[in-house]
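Have a look at the structure below before the remarks.
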Amino acid sequence: MFDNFEVPQNLIPSDPRFGCGPSLVPVQFLEALTKTGHHFMGTSHRKPGVKNVVKEIQEGLVKYFNLPSDYLVVLGNGGATLLFDMIALGIVEKKATHYTCGEFSEKWYKSSKLVPWIDTEQVAVAFGKGINGAAVPGSDLIAVTLNETSTGVQLSKLPVVDSNTILAVDATSGGGQCPCDISKTDIYFFSPQKVFASDGGLWVAIMSPKALARAKKIAADKSRYVPDIMNWTNAITNSEQNQTYNTPALATLFMMNEQVKLMNMIGYEEVKNLAQKKADLLYGWAESKPYLSCFIEEKEFRSVAVATIDVDSKVNVDDVIKFLEKKKLVYGIDGYRKLGRNQFRISMFHNISYNDLEKLTGLLSKMIESKL
Ligand SMILES: Cc1ncc(COP(=O)(O)O)c(C=O)c1O
């Protein structure tokens, strides 16, 4: 469909990666990893060479998020999906309430629901709508998703919970960039292949004293069978020693550490400001073109990490995407497949520059307009 389209040179982004995860890993991280030569990859995660990187990540996150001194940065293998099960198995006492608004929040609810010894309640809104959640009498864990990657909805306010209730926040794709006061949460968790520009397979859970106490209390209940890989005591005690329970991917840790250092150079406030500017650019673009519209109509819920933009059915986004991928100019702007919409889903993660988003929107406009 676009075979004869001439790409304007001034609209070619400096980096083609606009995906929502795995996300753009800066080339300089890969170069820095190469420079470690014989002294990092292939060494033991129980020795200082790797443990110091884990320690730097933990301390870097404490600084970046300005965490209360009694919060602990816990790490393990398996990604955020593993935490869905770990939280249901080892943190929920009797009942969890899940607020869902898309594919990932539903997935978390569904895995919780499978655990036979707890009750799991779902409070859902349609995909494309936002929901902030609230405490529920009888629920000892409230589950919300900071940024619903499938739809591009972010929380606009955190639920307030009492001292007996755990507030668990899936911050996988919004963590580090979407506004959130972590001191008001009990488990704020993410995988590092989004804003933290690393690779998948790792999980990070920032835990409050209340969450640590709950994990300990439930671990004492020997009637629950929890596999060792999902055992909170194993995860917590290893993290206290700057280690993971089982062998981690060292390159993932290295790249994440580079990103935490990079983000700490400007700080969380500035990262949030930059994200808001990029969001204003993308949603402003969508609102200014008659052939585009913002999928998320409620402005307060529009994500500053993932923008979802519907396109007039006269132009098939798959043709646009295929052309740009074939030319190696743009990767990863497809809508979430199960939504089945004629939609671009564009990441605004920290390493994706404002200038490149400007070029991308210019290029997409030109391509679409050439067909209208
Ligand atoms: C909001 C959200 N939660 C959880 C996950 C699952 O993360 P992982 O694939 O690292 O297990 C994702 C992955 O994209 C996500 O976007």
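Letters A, B, ... go to the chains of the structure tokens in the order shown; residues in each chain start at 1; ligands are counted from 1 in the same order.
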Find the nearest atom pair between each residue of chain A and ligand 1 for residues within 9 Å, count only C-alpha atoms and all ligand atoms, give distances in Å to one decimal, sort rows by chain and ascending number, and present the table as JSON lines.
```
{"residue": "A:Cys20", "atom": "CA", "partner": "ligand 1", "partner_atom_place_in_ligand_line": "14 (O)", "distance": 7.4}
{"residue": "A:Gly21", "atom": "CA", "partner": "ligand 1", "partner_atom_place_in_ligand_line": "14 (O)", "distance": 6.2}
{"residue": "A:Pro22", "atom": "CA", "partner": "ligand 1", "partner_atom_place_in_ligand_line": "14 (O)", "distance": 8.1}
{"residue": "A:Gly78", "atom": "CA", "partner": "ligand 1", "partner_atom_place_in_ligand_line": "11 (O)", "distance": 6.5}
{"residue": "A:Gly79", "atom": "CA", "partner": "ligand 1", "partner_atom_place_in_ligand_line": "11 (O)", "distance": 3.9}
{"residue": "A:Ala80", "atom": "CA", "partner": "ligand 1", "partner_atom_place_in_ligand_line": "11 (O)", "distance": 3.9}
{"residue": "A:Thr81", "atom": "CA", "partner": "ligand 1", "partner_atom_place_in_ligand_line": "11 (O)", "distance": 3.7}
{"residue": "A:Leu82", "atom": "CA", "partner": "ligand 1", "partner_atom_place_in_ligand_line": "11 (O)", "distance": 6.4}
{"residue": "A:Leu83", "atom": "CA", "partner": "ligand 1", "partner_atom_place_in_ligand_line": "11 (O)", "distance": 8.0}
{"residue": "A:Phe84", "atom": "CA", "partner": "ligand 1", "partner_atom_place_in_ligand_line": "4 (C)", "distance": 8.1}
{"residue": "A:Gly102", "atom": "CA", "partner": "ligand 1", "partner_atom_place_in_ligand_line": "1 (C)", "distance": 8.9}
{"residue": "A:Glu103", "atom": "CA", "partner": "ligand 1", "partner_atom_place_in_ligand_line": "1 (C)", "distance": 8.2}
{"residue": "A:Phe104", "atom": "CA", "partner": "ligand 1", "partner_atom_place_in_ligand_line": "3 (N)", "distance": 5.1}
{"residue": "A:Ser105", "atom": "CA", "partner": "ligand 1", "partner_atom_place_in_ligand_line": "1 (C)", "distance": 6.7}
{"residue": "A:Lys107", "atom": "CA", "partner": "ligand 1", "partner_atom_place_in_ligand_line": "4 (C)", "distance": 8.2}
{"residue": "A:Trp108", "atom": "CA", "partner": "ligand 1", "partner_atom_place_in_ligand_line": "4 (C)", "distance": 7.7}
{"residue": "A:Thr145", "atom": "CA", "partner": "ligand 1", "partner_atom_place_in_ligand_line": "1 (C)", "distance": 6.3}
{"residue": "A:Leu146", "atom": "CA", "partner": "ligand 1", "partner_atom_place_in_ligand_line": "1 (C)", "distance": 7.4}
{"residue": "A:Asn147", "atom": "CA", "partner": "ligand 1", "partner_atom_place_in_ligand_line": "1 (C)", "distance": 5.9}
{"residue": "A:Glu148", "atom": "CA", "partner": "ligand 1", "partner_atom_place_in_ligand_line": "1 (C)", "distance": 5.0}
{"residue": "A:Thr149", "atom": "CA", "partner": "ligand 1", "partner_atom_place_in_ligand_line": "16 (O)", "distance": 4.5}
{"residue": "A:Ser150", "atom": "CA", "partner": "ligand 1", "partner_atom_place_in_ligand_line": "16 (O)", "distance": 6.9}
{"residue": "A:Asp170", "atom": "CA", "partner": "ligand 1", "partner_atom_place_in_ligand_line": "3 (N)", "distance": 5.9}
{"residue": "A:Ala171", "atom": "CA", "partner": "ligand 1", "partner_atom_place_in_ligand_line": "1 (C)", "distance": 6.4}
{"residue": "A:Thr172", "atom": "CA", "partner": "ligand 1", "partner_atom_place_in_ligand_line": "2 (C)", "distance": 4.8}
{"residue": "A:Ser173", "atom": "CA", "partner": "ligand 1", "partner_atom_place_in_ligand_line": "16 (O)", "distance": 5.2}
{"residue": "A:Gly174", "atom": "CA", "partner": "ligand 1", "partner_atom_place_in_ligand_line": "1 (C)", "distance": 7.7}
{"residue": "A:Phe189", "atom": "CA", "partner": "ligand 1", "partner_atom_place_in_ligand_line": "3 (N)", "distance": 9.0}
{"residue": "A:Phe190", "atom": "CA", "partner": "ligand 1", "partner_atom_place_in_ligand_line": "4 (C)", "distance": 7.3}
{"residue": "A:Ser191", "atom": "CA", "partner": "ligand 1", "partner_atom_place_in_ligand_line": "10 (O)", "distance": 4.8}
{"residue": "A:Pro192", "atom": "CA", "partner": "ligand 1", "partner_atom_place_in_ligand_line": "10 (O)", "distance": 7.4}
{"residue": "A:Gln193", "atom": "CA", "partner": "ligand 1", "partner_atom_place_in_ligand_line": "10 (O)", "distance": 7.1}
{"residue": "A:Lys194", "atom": "CA", "partner": "ligand 1", "partner_atom_place_in_ligand_line": "14 (O)", "distance": 8.0}
{"residue": "A:Asp199", "atom": "CA", "partner": "ligand 1", "partner_atom_place_in_ligand_line": "10 (O)", "distance": 8.8}
{"residue": "A:Gly200", "atom": "CA", "partner": "ligand 1", "partner_atom_place_in_ligand_line": "10 (O)", "distance": 5.4}
{"residue": "A:Gly201", "atom": "CA", "partner": "ligand 1", "partner_atom_place_in_ligand_line": "10 (O)", "distance": 5.9}
{"residue": "A:Leu202", "atom": "CA", "partner": "ligand 1", "partner_atom_place_in_ligand_line": "10 (O)", "distance": 6.9}
{"residue": "A:Trp203", "atom": "CA", "partner": "ligand 1", "partner_atom_place_in_ligand_line": "10 (O)", "distance": 7.0}
```
- [ ] Assign secondary structure with DSSP using the backbone only, and return the residues of region 132-257 of chain A in strand (DSSP E) as JSON, numbers by chain.
- [x] {"A": [141, 142, 143, 144, 145, 147, 148, 153, 154, 166, 167, 168, 169, 170, 187, 188, 189, 190, 202, 203, 204, 205, 206, 207]}
Once you have the residues from the selection above, write them out as a JSON list (two decimals), in the first residue's frame, restricted to C-alpha atoms.
```json
[["chain", "number", "residue", "atom", "x", "y", "z"],
["A", 141, "LEU", "CA", -5.24, -6.70, 49.84],
["A", 142, "ILE", "CA", -6.20, -4.16, 47.20],
["A", 143, "ALA", "CA", -4.65, -4.71, 43.76],
["A", 144, "VAL", "CA", -4.34, -1.88, 41.24],
["A", 145, "THR", "CA", -2.31, -1.38, 38.08],
["A", 147, "ASN", "CA", -0.23, 1.76, 34.05],
["A", 148, "GLU", "CA", -2.36, -0.70, 32.09],
["A", 153, "VAL", "CA", -4.70, 3.86, 31.14],
["A", 154, "GLN", "CA", -2.89, 5.09, 34.24],
["A", 166, "ILE", "CA", -1.94, -4.17, 51.77],
["A", 167, "LEU", "CA", -2.00, -1.89, 48.75],
["A", 168, "ALA", "CA", -0.28, -3.77, 45.91],
["A", 169, "VAL", "CA", 0.52, -1.79, 42.77],
["A", 170, "ASP", "CA", 1.57, -3.39, 39.51],
["A", 187, "ILE", "CA", 4.12, -3.54, 47.30],
["A", 188, "TYR", "CA", 5.10, -1.52, 44.25],
["A", 189, "PHE", "CA", 6.43, -3.96, 41.68],
["A", 190, "PHE", "CA", 7.71, -3.98, 38.14],
["A", 202, "LEU", "CA", 13.57, -10.12, 36.63],
["A", 203, "TRP", "CA", 11.08, -8.68, 39.11],
["A", 204, "VAL", "CA", 11.55, -5.86, 41.58],
["A", 205, "ALA", "CA", 9.15, -5.34, 44.49],
["A", 206, "ILE", "CA", 9.47, -2.32, 46.73],
["A", 207, "MET", "CA", 7.95, -3.43, 50.05]]
```
TODO: Work out how far CA of Asp318 (chain A) is from CA of Ser370 (chain A), in Å to one decimal.
DONE: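 Result for CA of Ser370 (chain A) versus CA of Asp318 (chain A): 15.5 Å, one decimal.
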Open item on the list: as a PyMOL selection string, please: every residue in region 171-327 of chain A that a backbone DSSP assignment puts in alpha helix (DSSP H).
Closed with: chain A and resi 209-219+232-240+250-288+317-326
TODO: Measuring atom to atom with only C-alpha atoms, identify which of A:Ile12, A:Cys178, A:Ile321, A:Ile309 is nearest to Glu270 (chain A).
DONE: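 Under the stated criterion, the closest residue is A:Cys178.
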